[in-house]
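Novice: Before anything else, here's the structure in question.
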Amino acid sequence: MGNILKCFTGEDDHGDDDYYRPSSGARYGLQAGSDHGHGPSPYVDVDQPAAASRPHHDVVSLLQDLLYFESTSMVPEALRQHVTSSKKAQVKWYRNILEAYNNMRPQPKTPEEAAQLITTALSRIQRADLLGILSFYNLPIPFPLPTVASSASSDHPPSSLPEGVQFVLNTLPVHHRCIGDGDGFSAYVDTADPRESANVALEVHEMVIDRTQARTHRDYQKARALLRSLDEAGYKIINISGEEILAKKYRIRMRGIDAPELEMTYGKESKDALVKLIGGKRVTIHVYGLDQFGRYVGDIYCDNVFVQERMLKSGHAWHFKTYDKRPEFAQWEREARAAHRGLWASDNPEKPWDWRREQRSSNIQVY
């Protein structure tokens with residue numbers, strides 16, 4: 001707290017005594033719902049609702065908010081009109097900004113320096129929220145916005161990755177409803193991921209902000225319509241532990257295996273096996289390319305398990321030899337055949353590629 005107080009009293013390291021003085025008039029009230037002070041508090045406790053707003057924000061306002069947060073753990077209530085994440089998440093943001101401020105030398109005095117402070121402290125949050133908090137304080141948007149180095153999600157995969165891997169996806173927990181069968185599913189990646197953040201269109205950010213404002217004004221019909229528009233654009237707002245996350249959707253086809261279709265014998269069992277392996281869990285995907293249906297083809301890892309290996313060894317999928325020549329895949333299938341595991345309990349299980357060919361000849365589209 002001492003560093004911030006020096007700014008307000010003019011006792012900074014450079015002797016400048018006029019830039020960070022608080023503006024005239026009472027700025028702080030008590031907790032939401034208090035009948036003391038000068039009116040409704042512009043702050044909310046993480047467990048309290050409130051409805052006040054402020055007309056103007058600047059560098060001084062940011063420093064005052066940090067000072068008030070340090071003593072109360074309360075965040076500006078009007079911020080919720082600019083961001084999508086929960087109050088719990090906002091508390092984490094201010095804690096990070098406060099820590100960064102106390103460690104920053106020299107401490108920020110210009111809007112550009114304050115903007116850099118925020119973007120550095122909050123570099124891992126979704127970009128729509130980062131733009132929202134900068135807008136809340138009327139601060140400029142640094143260009144380019146900083147990103148966090150991450151070898152697991154870089155545009156340039158580390159040299160230890162297998163040959164042919166184009167990039168790596170680190171997903172949010174995979175919902176069991178997003179698992180279509182034993183070799184395909186949909187996954188979502190947080191747009192705060194450095195690889196994703198640079199690729200989110202401005203129109204998507206605007207829809208997120210418009211949805212937040214619609215919900216603030218209780219225009220739930222408009223909010224739902226904006227959610228549908230986000231879905232059409234390939235994005236979804238996902239709530240994880242009370243925090244709303246803007247995520248990009250990816251349709252995934254598991255490389256090198258072919259599982260029975262749901263309508264086939266053993267199709268449900270194969271899907272259930274994949275649900276057990278990845279349902280509700282985060283997965284890492286080594287992406288090799290796109291198939292003819294626009295799905296990302298990749299190797300899947302979850303809880304230090306190579307998922308295709310587990311599916312083959314348990315007899316829940318075939319080795320897709322037409323598209324994958326890895327000898328270990330053939331060996332894992334042979335092991336399951338010899339042990340009569342899973343679909344190999346049948347002497348002559350129907351091949352999924354033959355089944356799909358028959359369906360196509362009957363003008364039934366399958367993937």
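Here, A, B, ... name the chains of the structure tokens in the order displayed, residue numbers run from 1 inside each chain, and ligands are numbered from 1 in the same displayed order.
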Determine, counting only C-alpha atoms, which protein, DNA and RNA residues have an atom within 8 Å of an atom of Pro140 (chain A); residues of the same chain fewer than 6 positions away are not included. Present the result as a ChimeraX atom specification.

Specialist: /A:111-112,115,134

Novice: Write out as an MDAnalysis selection string the set of residues from region 102-283 of chain A that DSSP, computed on the backbone, places in helix (DSSP H, G or I).

Specialist: chainID A and resid 102:103 111:121 127:136 151:153 176:178 194:197 202:216 220:232 267:278

Novice: Between A:Pro142, A:Gly315, A:Pro260, A:Gly280, which one has atoms that come closest to Thr171 (chain A), using only C-alpha atoms?

Specialist: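 Nearest to Thr171 (chain A): A:Gly280.
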
Novice: Among region 61-216 of chain A, which residues carry a DSSP assignment of strand (DSSP E or B), reported as a PyMOL selection string?

Specialist: chain A and resi 75-76+167-170+174+179+184-190

Novice: From the set A:Trp332, A:Trp318, A:Phe306, A:Tyr94, which residue has the shortest atom-to-atom contact distance to Leu277 (chain A), counting only C-alpha atoms?

Specialist: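 Using only C-alpha atoms, the shortest distance to Leu277 (chain A) belongs to A:Phe306.
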
Novice: Arg95 (chain A): which residues within 12 Å, counting only C-alpha atoms, same-chain residues fewer than 3 positions away excluded, as a list in words?

Specialist: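 The neighbour list is Asp65, Leu66, Leu67, Tyr68, Phe69, Glu70, Ser71, Thr72, Ser73, Met74, Val75, Lys88, Ala89, Gln90, Val91, Lys92, Leu98, Glu99, Ala100, Tyr101, Asn102, Ile118, Ala121 and Leu122 of chain A.
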
Novice: I'd like the interatomic distance between CA of Asn96 (chain A) and CA of Gln64 (chain A), to a tenth of an Å.

Specialist: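 Separation between CA of Asn96 (chain A) and CA of Gln64 (chain A): 15.5 Å.
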